[in-house]
>>> print(open('data20.csv').read())   # CSV, C-alpha atoms
chain,number,residue,atom,x,y,z
A,1141,MET,CA,32.8,-13.8,76.4
A,1142,LYS,CA,29.6,-12.2,75.0
A,1143,LYS,CA,29.9,-9.3,77.5
A,1144,ILE,CA,33.4,-8.7,76.6
A,1145,ARG,CA,32.5,-8.5,72.9
A,1146,HIS,CA,29.7,-6.0,73.7
A,1147,LEU,CA,32.2,-4.0,75.7
A,1148,ILE,CA,34.5,-3.8,72.8
A,1149,TYR,CA,31.7,-2.7,70.5
A,1150,PHE,CA,30.7,-0.1,73.0
A,1151,CYS,CA,34.3,1.3,73.0
A,1152,PHE,CA,34.2,1.5,69.3
A,1153,VAL,CA,31.0,3.4,69.4
A,1154,LEU,CA,32.5,5.9,71.8
A,1155,LEU,CA,35.5,6.2,69.7
A,1156,ALA,CA,33.3,6.9,66.7
A,1157,LEU,CA,31.4,9.5,68.5
A,1158,GLN,CA,34.6,11.3,69.5
A,1159,GLY,CA,35.3,12.2,65.8
A,1160,PRO,CA,32.7,15.0,65.5
A,1161,VAL,CA,33.3,16.2,69.0
A,1162,ALA,CA,37.0,16.8,68.2
A,1163,LEU,CA,35.9,19.4,65.6
A,1164,ALA,CA,35.0,21.6,68.5
A,1165,CYS,CA,34.4,24.8,66.6
A,1166,PRO,CA,33.3,24.4,63.0
A,1167,SER,CA,33.4,27.4,60.8
A,1168,GLY,CA,30.6,29.7,61.8
A,1169,ASP,CA,30.4,28.5,65.3
A,1170,PRO,CA,30.3,31.6,67.5
A,1171,SER,CA,32.5,30.0,70.2
A,1172,CYS,CA,35.5,30.3,67.9
A,1173,ASN,CA,37.0,33.7,67.8
A,1174,GLY,CA,40.0,35.6,66.6
A,1175,VAL,CA,40.7,39.1,67.7
A,1176,GLU,CA,43.4,41.3,66.4
A,1177,VAL,CA,45.2,42.7,69.4
A,1178,GLU,CA,48.0,44.5,67.7
A,1179,PRO,CA,48.4,45.2,64.0
A,1180,LEU,CA,51.6,44.3,62.2
A,1181,PHE,CA,53.5,47.6,62.0
A,1182,PHE,CA,56.8,48.1,60.2
A,1183,GLY,CA,57.5,51.3,62.0
A,1184,GLN,CA,58.8,54.5,60.6
A,1185,ILE,CA,61.5,54.1,57.9
A,1186,VAL,CA,63.6,56.1,55.5
A,1187,ILE,CA,64.5,54.4,52.2
A,1188,THR,CA,67.8,55.8,51.1
A,1189,ASP,CA,68.3,53.6,48.0
A,1190,ASN,CA,65.6,51.7,46.2
A,1191,SER,CA,67.5,50.8,43.0
A,1192,ALA,CA,66.8,47.2,43.9
A,1193,THR,CA,64.3,45.4,46.1
A,1194,ARG,CA,64.9,46.2,49.7
A,1195,SER,CA,63.3,44.5,52.7
A,1196,CYS,CA,62.6,44.7,56.4
A,1197,LEU,CA,61.9,41.7,58.5
A,1198,ILE,CA,59.8,41.5,61.6
A,1199,PRO,CA,60.1,38.0,63.2
A,1200,ALA,CA,57.1,36.8,65.0
A,1201,GLY,CA,57.9,37.9,68.6
A,1202,GLY,CA,61.2,39.4,67.5
A,1203,THR,CA,62.9,42.7,66.6
A,1204,MET,CA,62.6,44.4,63.3
A,1205,THR,CA,65.7,44.6,61.0
A,1206,CYS,CA,66.1,46.1,57.6
A,1207,ASP,CA,68.6,46.1,54.7
A,1208,SER,CA,71.3,48.8,55.0
A,1209,GLN,CA,69.5,50.9,52.4
A,1210,ILE,CA,66.5,51.4,54.8
A,1211,THR,CA,67.0,53.4,57.9
A,1212,ILE,CA,64.7,52.6,60.8
A,1213,LEU,CA,63.5,55.8,62.6
A,1214,THR,CA,61.0,54.0,64.8
A,1215,PRO,CA,61.1,50.2,65.1
A,1216,GLY,CA,58.1,48.2,64.0
A,1217,GLN,CA,56.0,45.7,66.0
A,1218,TYR,CA,54.8,42.2,65.1
A,1219,GLY,CA,51.1,41.6,65.0
A,1220,VAL,CA,49.2,39.8,67.7
A,1221,PHE,CA,46.0,37.8,67.5
A,1222,GLN,CA,44.1,36.3,70.4
A,1223,LEU,CA,42.5,33.1,69.4
A,1224,SER,CA,39.9,31.4,71.6
A,1225,GLY,CA,37.3,28.8,71.6
A,1226,TYR,CA,39.3,26.2,69.7
A,1227,GLY,CA,39.5,23.7,72.6
A,1228,SER,CA,42.2,21.2,72.0
A,1229,THR,CA,41.6,21.2,68.3
A,1230,ALA,CA,44.7,21.0,66.1
A,1231,VAL,CA,45.0,24.0,63.9
A,1232,TRP,CA,47.1,25.2,61.0
A,1233,PHE,CA,48.0,28.9,60.6
A,1234,SER,CA,48.6,30.4,57.2
A,1235,VAL,CA,48.4,33.7,55.3
A,1236,ASP,CA,48.2,33.8,51.6
A,1237,ASP,CA,50.9,36.4,50.8
A,1238,SER,CA,50.5,36.3,47.0
A,1239,THR,CA,48.5,39.5,47.1
A,1240,THR,CA,49.3,41.1,50.4
A,1241,THR,CA,50.4,44.7,50.0
A,1242,MET,CA,50.5,48.0,51.8
A,1243,THR,CA,49.5,51.1,49.7
A,1244,ASP,CA,49.7,54.8,50.2
A,1245,PRO,CA,46.5,56.8,50.7
A,1246,ALA,CA,46.1,57.3,46.9
A,1247,GLY,CA,46.6,53.6,46.3
A,1248,THR,CA,49.2,54.2,43.7
A,1249,THR,CA,52.4,53.0,45.4
A,1250,ALA,CA,52.7,49.8,47.3
A,1251,PHE,CA,55.0,47.6,49.4
A,1252,ASP,CA,54.7,43.8,49.2
A,1253,VAL,CA,54.3,41.9,52.4
A,1254,LYS,CA,55.6,38.4,52.2
A,1255,THR,CA,56.6,35.3,54.2
A,1256,PHE,CA,54.4,35.5,57.2
A,1257,THR,CA,55.6,33.7,60.3
A,1258,PHE,CA,54.0,32.7,63.5
A,1259,ALA,CA,54.9,32.2,67.1
A,1260,PRO,CA,54.7,30.2,69.2
A,1261,VAL,CA,55.8,27.7,66.6
A,1262,TYR,CA,56.3,24.1,67.5
A,1263,ASN,CA,57.6,23.0,64.2
A,1264,SER,CA,56.8,25.0,61.1
A,1265,VAL,CA,53.9,26.7,59.5
A,1266,GLY,CA,51.3,24.1,58.5
A,1267,THR,CA,52.1,21.9,61.5
A,1268,ALA,CA,49.1,21.0,63.6
A,1269,GLN,CA,49.2,22.9,66.8
A,1270,ALA,CA,47.0,22.2,69.8
A,1271,LEU,CA,46.0,25.3,71.6
A,1272,PRO,CA,46.5,25.0,75.3
A,1273,GLY,CA,43.2,25.6,76.9
A,1274,GLY,CA,41.8,26.7,73.6
A,1275,THR,CA,43.3,30.2,73.8
A,1276,LEU,CA,46.4,31.4,72.3
A,1277,LEU,CA,48.2,34.8,71.7
A,1278,LEU,CA,49.5,34.3,68.2
A,1279,LYS,CA,52.3,36.5,67.2
A,1280,ILE,CA,52.6,37.2,63.5
A,1281,GLY,CA,55.7,38.4,61.7
A,1282,ALA,CA,56.4,39.1,58.0
A,1283,THR,CA,58.8,40.7,55.6
A,1284,LEU,CA,58.2,44.0,53.9
A,1285,GLN,CA,59.6,44.3,50.4
A,1286,THR,CA,60.0,47.4,48.3
A,1287,ARG,CA,59.5,47.3,44.6
A,1288,ALA,CA,62.7,48.1,42.8
A,1289,GLY,CA,62.9,51.6,41.3
A,1290,GLU,CA,59.7,52.7,42.9
A,1291,THR,CA,59.6,56.1,44.6
A,1292,TYR,CA,58.0,56.0,48.0
A,1293,ASP,CA,56.6,59.4,49.0
A,1294,ILE,CA,56.3,60.3,52.6
A,1295,ALA,CA,53.1,58.8,53.7
A,1296,PRO,CA,51.5,56.1,55.8
A,1297,TYR,CA,51.0,52.9,53.9
A,1298,HIS,CA,48.4,50.5,55.0
A,1299,GLY,CA,47.0,47.1,54.1
A,1300,THR,CA,45.3,44.0,55.3
A,1301,PHE,CA,45.9,40.3,55.4
A,1302,SER,CA,43.8,37.3,56.0
A,1303,LEU,CA,44.8,35.0,58.8
A,1304,GLN,CA,43.5,31.6,57.9
A,1305,ILE,CA,43.0,28.9,60.5
A,1306,ASN,CA,42.3,25.4,59.3
A,1307,TYR,CA,41.4,22.6,61.6
B,1428,MET,CA,21.3,-10.3,64.2
B,1429,SER,CA,24.6,-11.2,65.8
B,1430,LYS,CA,26.4,-9.2,63.2
B,1431,LEU,CA,24.5,-6.0,63.9
B,1432,PRO,CA,27.1,-4.6,66.3
B,1433,PHE,CA,29.7,-5.1,63.7
B,1434,TYR,CA,27.8,-3.1,61.1
B,1435,LEU,CA,27.1,-0.4,63.7
B,1436,PHE,CA,30.8,-0.2,64.3
B,1437,LEU,CA,31.5,0.1,60.5
B,1438,ILE,CA,28.9,2.9,60.3
B,1439,PHE,CA,30.3,4.8,63.2
B,1440,PHE,CA,33.9,4.2,62.2
B,1441,SER,CA,33.2,5.6,58.7
B,1442,PHE,CA,31.5,8.6,60.2
B,1443,TYR,CA,34.4,9.1,62.6
B,1444,ALA,CA,36.9,8.7,59.8
B,1445,SER,CA,35.2,11.2,57.6
B,1446,ALA,CA,34.7,13.7,60.5
B,1447,ALA,CA,38.2,13.4,61.8
B,1448,TYR,CA,39.8,14.3,58.5
B,1449,ALA,CA,37.4,16.9,57.3
B,1450,THR,CA,38.8,20.4,57.7
B,1451,SER,CA,37.1,23.6,58.6
B,1452,GLN,CA,38.5,27.0,58.1
B,1453,ASP,CA,38.2,30.4,59.8
B,1454,ASN,CA,39.6,33.6,58.5
B,1455,TYR,CA,40.4,36.7,60.4
B,1456,THR,CA,41.4,40.0,59.0
B,1457,GLY,CA,44.6,41.6,60.2
B,1458,HIS,CA,46.1,45.0,59.5
B,1459,ASP,CA,49.6,46.0,58.6
B,1460,GLY,CA,51.2,49.3,57.9
B,1461,VAL,CA,54.4,51.3,57.6
B,1462,SER,CA,55.3,55.0,57.8
B,1463,VAL,CA,57.8,56.3,55.2
B,1464,SER,CA,59.8,59.3,56.0
B,1465,THR,CA,62.9,61.0,54.4
B,1466,ALA,CA,66.2,61.8,55.9
B,1467,VAL,CA,65.8,65.2,57.3
B,1468,THR,CA,68.7,67.6,57.1
B,1469,ILE,CA,69.5,70.6,59.1
B,1470,THR,CA,72.0,73.1,57.8
B,1471,GLU,CA,73.4,76.1,59.8
B,1472,LEU,CA,73.3,79.2,57.6
B,1473,GLU,CA,74.0,81.7,60.3
B,1474,THR,CA,75.3,81.4,63.8
B,1475,VAL,CA,73.6,83.1,66.8
B,1476,ARG,CA,75.4,86.4,67.2
B,1477,PHE,CA,75.0,88.7,70.1
B,1478,GLY,CA,76.9,91.4,68.3
B,1479,ASN,CA,79.3,94.0,69.6
B,1480,PHE,CA,79.0,95.3,73.1
B,1481,SER,CA,81.1,96.3,76.0
B,1482,VAL,CA,80.9,95.2,79.6
B,1483,LEU,CA,81.3,97.8,82.3
B,1484,SER,CA,82.1,97.0,85.9
B,1485,ALA,CA,82.6,93.4,85.2
B,1486,GLY,CA,82.4,90.9,88.0
B,1487,GLY,CA,78.6,90.9,88.6
B,1488,GLY,CA,76.6,88.1,87.1
B,1489,ASP,CA,73.6,90.3,86.6
B,1490,ALA,CA,73.8,91.9,83.2
B,1491,SER,CA,72.4,90.4,80.1
B,1492,ILE,CA,71.5,90.7,76.4
B,1493,VAL,CA,68.3,89.3,75.1
B,1494,LEU,CA,68.6,88.5,71.4
B,1495,ASN,CA,65.2,87.8,69.8
B,1496,HIS,CA,64.9,85.4,66.9
B,1497,ASN,CA,63.8,88.3,64.7
B,1498,GLY,CA,67.3,89.9,65.3
B,1499,THR,CA,66.6,92.6,67.7
B,1500,ARG,CA,68.6,92.7,70.9
B,1501,THR,CA,68.1,94.4,74.2
B,1502,SER,CA,70.5,94.9,77.0
B,1503,PHE,CA,69.7,94.7,80.7
B,1504,ASN,CA,72.0,96.2,83.3
B,1505,GLY,CA,72.5,94.8,86.7
B,1506,ALA,CA,73.2,96.5,89.9
B,1507,SER,CA,76.9,96.1,89.6
B,1508,THR,CA,77.5,95.3,85.9
B,1509,GLN,CA,76.3,97.1,82.8
B,1510,ILE,CA,76.3,96.2,79.2
B,1511,VAL,CA,76.6,98.8,76.5
B,1512,LEU,CA,75.5,97.8,73.0
B,1513,LEU,CA,77.8,99.0,70.3
B,1514,TYR,CA,76.7,99.9,66.8
B,1515,GLY,CA,78.2,101.1,63.6
B,1516,ALA,CA,80.9,100.3,61.1
B,1517,SER,CA,83.6,101.4,63.5
B,1518,GLN,CA,82.7,98.6,65.8
B,1519,GLY,CA,83.3,96.0,63.2
B,1520,GLY,CA,79.7,95.7,62.1
B,1521,ILE,CA,77.6,96.9,59.3
B,1522,THR,CA,76.4,100.5,59.7
B,1523,ASN,CA,73.4,100.8,62.0
B,1524,THR,CA,73.8,97.3,63.2
B,1525,GLY,CA,75.9,95.8,65.9
B,1526,SER,CA,76.7,92.6,63.9
B,1527,GLN,CA,74.1,90.8,65.9
B,1528,GLY,CA,71.7,88.4,64.3
B,1529,PRO,CA,69.7,85.3,65.0
B,1530,GLY,CA,70.9,81.9,64.0
B,1531,HIS,CA,69.4,80.5,60.8
B,1532,TYR,CA,68.9,76.8,60.4
B,1533,GLN,CA,67.6,75.4,57.2
B,1534,VAL,CA,65.5,72.2,57.6
B,1535,ALA,CA,64.9,70.1,54.4
B,1536,HIS,CA,63.2,66.9,53.4
B,1537,ALA,CA,60.9,66.9,56.4
B,1538,GLY,CA,57.7,66.3,54.6
B,1539,ALA,CA,55.1,68.9,53.6
B,1540,THR,CA,53.3,70.8,56.4
B,1541,THR,CA,54.9,68.7,59.0
B,1542,ASN,CA,55.2,70.0,62.6
B,1543,LEU,CA,58.8,70.0,63.7
B,1544,TYR,CA,59.3,70.1,67.5
B,1545,VAL,CA,62.4,72.1,68.2
B,1546,THR,CA,64.6,71.8,71.3
B,1547,PHE,CA,68.1,73.1,72.2
B,1548,THR,CA,70.7,71.1,73.9
B,1549,ASP,CA,74.4,71.2,74.8
B,1550,HIS,CA,76.9,69.0,73.0
B,1551,THR,CA,75.9,66.0,75.3
B,1552,GLY,CA,72.3,66.2,74.3
B,1553,THR,CA,71.2,67.7,77.6
B,1554,LEU,CA,68.4,70.2,77.4
B,1555,ILE,CA,69.5,73.8,78.0
B,1556,THR,CA,67.6,75.2,80.9
B,1557,SER,CA,68.8,78.3,82.7
B,1558,CYS,CA,72.2,79.9,83.7
B,1559,PRO,CA,74.5,79.1,85.2
B,1560,SER,CA,73.8,75.4,85.4
B,1561,GLY,CA,72.1,73.6,82.5
B,1562,SER,CA,73.3,76.1,79.9
B,1563,ILE,CA,76.1,76.6,77.5
B,1564,PHE,CA,79.1,78.9,77.9
B,1565,LEU,CA,81.0,81.2,75.5
B,1566,ASN,CA,84.7,81.2,75.8
B,1567,GLY,CA,87.0,84.0,74.7
B,1568,PRO,CA,90.6,85.1,75.1
B,1569,VAL,CA,92.8,83.2,77.5
B,1570,GLY,CA,92.3,84.3,81.0
B,1571,SER,CA,88.9,85.9,80.4
B,1572,GLY,CA,85.7,84.7,82.0
B,1573,GLN,CA,82.8,83.0,80.3
B,1574,PHE,CA,79.4,84.3,79.2
B,1575,CYS,CA,76.5,82.0,80.0
B,1576,VAL,CA,73.7,81.6,77.4
B,1577,ASP,CA,70.2,80.3,78.0
B,1578,SER,CA,66.6,81.0,77.0
B,1579,PHE,CA,66.8,79.9,73.5
B,1580,ASN,CA,63.8,80.8,71.4
B,1581,PHE,CA,62.8,80.4,67.8
B,1582,ASN,CA,60.2,81.5,65.3
B,1583,LEU,CA,57.6,78.9,66.3
B,1584,THR,CA,54.4,78.3,64.5
B,1585,GLY,CA,52.6,77.1,67.6
B,1586,THR,CA,52.8,75.0,70.7
B,1587,ASP,CA,50.9,71.9,71.6
B,1588,GLY,CA,51.2,69.1,74.2
B,1589,THR,CA,54.5,67.9,72.8
B,1590,GLY,CA,56.0,71.4,72.8
B,1591,PRO,CA,56.8,74.3,70.5
B,1592,TYR,CA,56.9,73.5,66.9
B,1593,ILE,CA,57.5,75.0,63.5
B,1594,THR,CA,55.5,73.8,60.5
B,1595,THR,CA,57.3,73.1,57.2
B,1596,ASP,CA,56.2,74.5,53.9
B,1597,GLY,CA,54.7,72.6,51.1
B,1598,SER,CA,58.1,71.4,50.0
B,1599,GLY,CA,59.0,70.1,53.5
B,1600,ASN,CA,61.4,72.9,54.3
B,1601,ALA,CA,61.6,75.3,57.2
B,1602,THR,CA,64.0,78.0,58.3
B,1603,ILE,CA,64.4,78.1,62.1
B,1604,ARG,CA,65.6,81.4,63.4
B,1605,VAL,CA,67.1,81.2,66.8
B,1606,GLY,CA,67.6,83.8,69.5
B,1607,ALA,CA,68.9,83.4,73.1
B,1608,THR,CA,69.9,85.4,76.2
B,1609,LEU,CA,73.5,86.1,77.1
B,1610,HIS,CA,74.4,86.6,80.8
B,1611,THR,CA,77.6,88.0,82.4
B,1612,MET,CA,78.9,85.7,85.2
B,1613,SER,CA,79.8,86.6,88.7
B,1614,GLY,CA,83.5,87.1,89.2
B,1615,ALA,CA,84.3,87.1,85.6
B,1616,SER,CA,86.4,89.7,83.7
B,1617,TYR,CA,86.1,90.1,80.0
B,1618,ALA,CA,89.0,91.0,77.8
B,1619,PRO,CA,88.2,92.4,74.3
B,1620,GLY,CA,87.8,89.6,71.8
B,1621,THR,CA,85.4,87.1,70.3
B,1622,TYR,CA,83.6,84.6,72.5
B,1623,ARG,CA,82.3,81.4,71.1
B,1624,GLY,CA,80.3,78.4,72.2
B,1625,THR,CA,78.3,75.6,70.7
B,1626,PHE,CA,74.8,74.3,71.1
B,1627,GLU,CA,72.7,71.8,69.2
B,1628,VAL,CA,69.3,72.2,67.5
B,1629,GLN,CA,67.2,69.1,67.7
B,1630,ILE,CA,64.0,68.5,65.9
B,1631,SER,CA,61.6,65.7,66.3
B,1632,TYR,CA,58.5,64.9,64.3
>>> encode(input="data20.csv", output="structure tokens")
Amino acid sequence: MKKIRHLIYFCFVLLALQGPVALACPSGDPSCNGVEVEPLFFGQIVITDNSATRSCLIPAGGTMTCDSQITILTPGQYGVFQLSGYGSTAVWFSVDDSTTTMTDPAGTTAFDVKTFTFAPVYNSVGTAQALPGGTLLLKIGATLQTRAGETYDIAPYHGTFSLQINY
Amino acid sequence: MSKLPFYLFLIFFSFYASAAYATSQDNYTGHDGVSVSTAVTITELETVRFGNFSVLSAGGGDASIVLNHNGTRTSFNGASTQIVLLYGASQGGITNTGSQGPGHYQVAHAGATTNLYVTFTDHTGTLITSCPSGSIFLNGPVGSGQFCVDSFNFNLTGTDGTGPYITTDGSGNATIRVGATLHTMSGASYAPGTYRGTFEVQISY
């Protein structure tokens, strides 16, 4: 009976030790890595009417579509990140879109970039996702929004976003 | 002493619980972009006109008129067929001209100092190559033969790996002046009249 009790205690100890091991890649650990494979690109477009906010949607892993007031000359492409080193850790993907914009070279005119989406998606953003083998090609989509009444000159518009991974 | 394992369990379990629900965070910077263009327009201001001429000893497919994009034209006689260029008001043209002229195509809204790559196609979008196949044809009076047109040229600014291009001005405009070469066709006879055909100017940028 005493041996059984000790065995149970030993199991509890092992279980307790498993906690910190599960956090396989704490922030700053060089074994965790995220590399941008493809930027999120909304292609080449012509805005024919910007009297109201217009938008273009690139689904994560899908094809770009725009409102009828935006003509697509060259379709865009969702972004791709390669994540590695996360083991079987459950992670949450998110992008804070409250300040994500794309601006012209002068920085005077901007598009807003909203509603980032991710694929593969098992449920919804914020749901814990275990990375098979610790590596994942994460596809990232988003929605481009014009600012109503703004004049968008011919130019390339660029911006950045921060892919946040919590685990 | 007998309760030591229990306390050890509590310590480890507490550590496990705190570790298991602690969160860590990594941030990676991604890039996004879009290229904004405008709806480019092309307007035909003048058609390509080979002007007034007569064909002598028709039937050979070996005579031609080369119309340069600057408006000059030169005839080339074949062994069997000759072309005589006609000038003057009596020939239906303005004095000292033969009514010939390059095509004028006005491009607008293409963006300042943008290179526009120009190609010429038939109405199906097939690139015009050389006569008699892969070209366009001019049709005239009923019963008459066709002229074949190829070797389209324009007032290019330069050529790079993509092809010949014309550069727009600071307002995004450009005037493309187009010339071409007209050929007589073997076995064809040509009644007096006007001969017309169509082609397409395509630009990419």
>>> closest_residue(input="data20.csv", among="A:Thr1275, A:Thr1205, A:Ser1191, A:Thr1240", to="chain B", atoms="all atoms listed in the file")
A:Thr1240
>>> atom_distance(input="data20.csv", atom1="CA of Thr1239 (chain A)", atom2="CA of Val1253 (chain A)")
8.2 Å
>>> closest_residue(input="data20.csv", among="B:Gln1533, B:Ser1484, B:Asn1495, B:Gln1452", to="chain A", atoms="all atoms listed in the file")
B:Gln1452
>>> residues_around(input="data20.csv", residues="Tyr1617 (chain B)", least_positions_apart="2", cutoff="12 Å", atoms="all atoms listed in the file", output="PDB file with C-alpha atoms, keeping the file's coordinate frame")
ATOM      1  CA  PHE B1480      79.000  95.300  73.100  1.00  0.00           C
ATOM      2  CA  SER B1481      81.100  96.300  76.000  1.00  0.00           C
ATOM      3  CA  VAL B1482      80.900  95.200  79.600  1.00  0.00           C
ATOM      4  CA  LEU B1483      81.300  97.800  82.300  1.00  0.00           C
ATOM      5  CA  SER B1484      82.100  97.000  85.900  1.00  0.00           C
ATOM      6  CA  ALA B1485      82.600  93.400  85.200  1.00  0.00           C
ATOM      7  CA  GLY B1486      82.400  90.900  88.000  1.00  0.00           C
ATOM      8  CA  GLY B1487      78.600  90.900  88.600  1.00  0.00           C
ATOM      9  CA  THR B1508      77.500  95.300  85.900  1.00  0.00           C
ATOM     10  CA  ILE B1510      76.300  96.200  79.200  1.00  0.00           C
ATOM     11  CA  LEU B1565      81.000  81.200  75.500  1.00  0.00           C
ATOM     12  CA  ASN B1566      84.700  81.200  75.800  1.00  0.00           C
ATOM     13  CA  GLY B1567      87.000  84.000  74.700  1.00  0.00           C
ATOM     14  CA  PRO B1568      90.600  85.100  75.100  1.00  0.00           C
ATOM     15  CA  VAL B1569      92.800  83.200  77.500  1.00  0.00           C
ATOM     16  CA  GLY B1570      92.300  84.300  81.000  1.00  0.00           C
ATOM     17  CA  SER B1571      88.900  85.900  80.400  1.00  0.00           C
ATOM     18  CA  GLY B1572      85.700  84.700  82.000  1.00  0.00           C
ATOM     19  CA  GLN B1573      82.800  83.000  80.300  1.00  0.00           C
ATOM     20  CA  PHE B1574      79.400  84.300  79.200  1.00  0.00           C
ATOM     21  CA  THR B1611      77.600  88.000  82.400  1.00  0.00           C
ATOM     22  CA  MET B1612      78.900  85.700  85.200  1.00  0.00           C
ATOM     23  CA  SER B1613      79.800  86.600  88.700  1.00  0.00           C
ATOM     24  CA  GLY B1614      83.500  87.100  89.200  1.00  0.00           C
ATOM     25  CA  ALA B1615      84.300  87.100  85.600  1.00  0.00           C
ATOM     26  CA  PRO B1619      88.200  92.400  74.300  1.00  0.00           C
ATOM     27  CA  GLY B1620      87.800  89.600  71.800  1.00  0.00           C
ATOM     28  CA  THR B1621      85.400  87.100  70.300  1.00  0.00           C
ATOM     29  CA  TYR B1622      83.600  84.600  72.500  1.00  0.00           C
TER      30      TYR B1622
END
>>> residues_around(input="data20.csv", residues="Glu1471 (chain B)", least_positions_apart="2", cutoff="7 Å", atoms="all atoms listed in the file", output="list in words")
Ile1469, Glu1473, Thr1474, His1531, Tyr1532 and Gln1533 of chain B
>>> write_last_selection(input="data20.csv", atoms="C-alpha atoms", output="compact mmCIF listing (two decimals), keeping the file's coordinate frame")
# COMPACT_ATOMS: atom_id res chain seq x y z
CA ILE B 1469 69.50 70.60 59.10
CA GLU B 1473 74.00 81.70 60.30
CA THR B 1474 75.30 81.40 63.80
CA HIS B 1531 69.40 80.50 60.80
CA TYR B 1532 68.90 76.80 60.40
CA GLN B 1533 67.60 75.40 57.20
>>> interface_residues(input="data20.csv", of="chain A", to="chain B", cutoff="6 Å", atoms="all atoms listed in the file", output="PyMOL selection string")
chain A and resi 1156+1159-1160+1166-1167+1179-1186+1294-1307
>>> atom_distance(input="data20.csv", atom1="CA of Thr1541 (chain B)", atom2="CA of Ile1212 (chain A)")
18.9 Å
>>> closest_atom_pairs(input="data20.csv", of="region 1490-1562 of chain B", to="region 1623-1626 of chain B", cutoff="10 Å", atoms="all atoms listed in the file", output="CSV")
residue,atom,partner,partner_atom,distance
B:Phe1547,CA,B:Phe1626,CA,6.9
B:Thr1548,CA,B:Phe1626,CA,5.9
B:Asp1549,CA,B:Phe1626,CA,4.8
B:His1550,CA,B:Phe1626,CA,6.0
B:Thr1551,CA,B:Phe1626,CA,9.4
B:Gly1552,CA,B:Phe1626,CA,9.1
B:Thr1553,CA,B:Phe1626,CA,9.9
B:Leu1554,CA,B:Phe1626,CA,9.9
B:Ile1555,CA,B:Phe1626,CA,8.7
B:Ser1562,CA,B:Phe1626,CA,9.1
>>> residues_around(input="data20.csv", residues="Arg1194 (chain A)", least_positions_apart="3", cutoff="7 Å", atoms="all atoms listed in the file", output="count of residues only")
4
>>> atom_distance(input="data20.csv", atom1="CA of Leu1223 (chain A)", atom2="CA of Glu1176 (chain A)")
8.8 Å
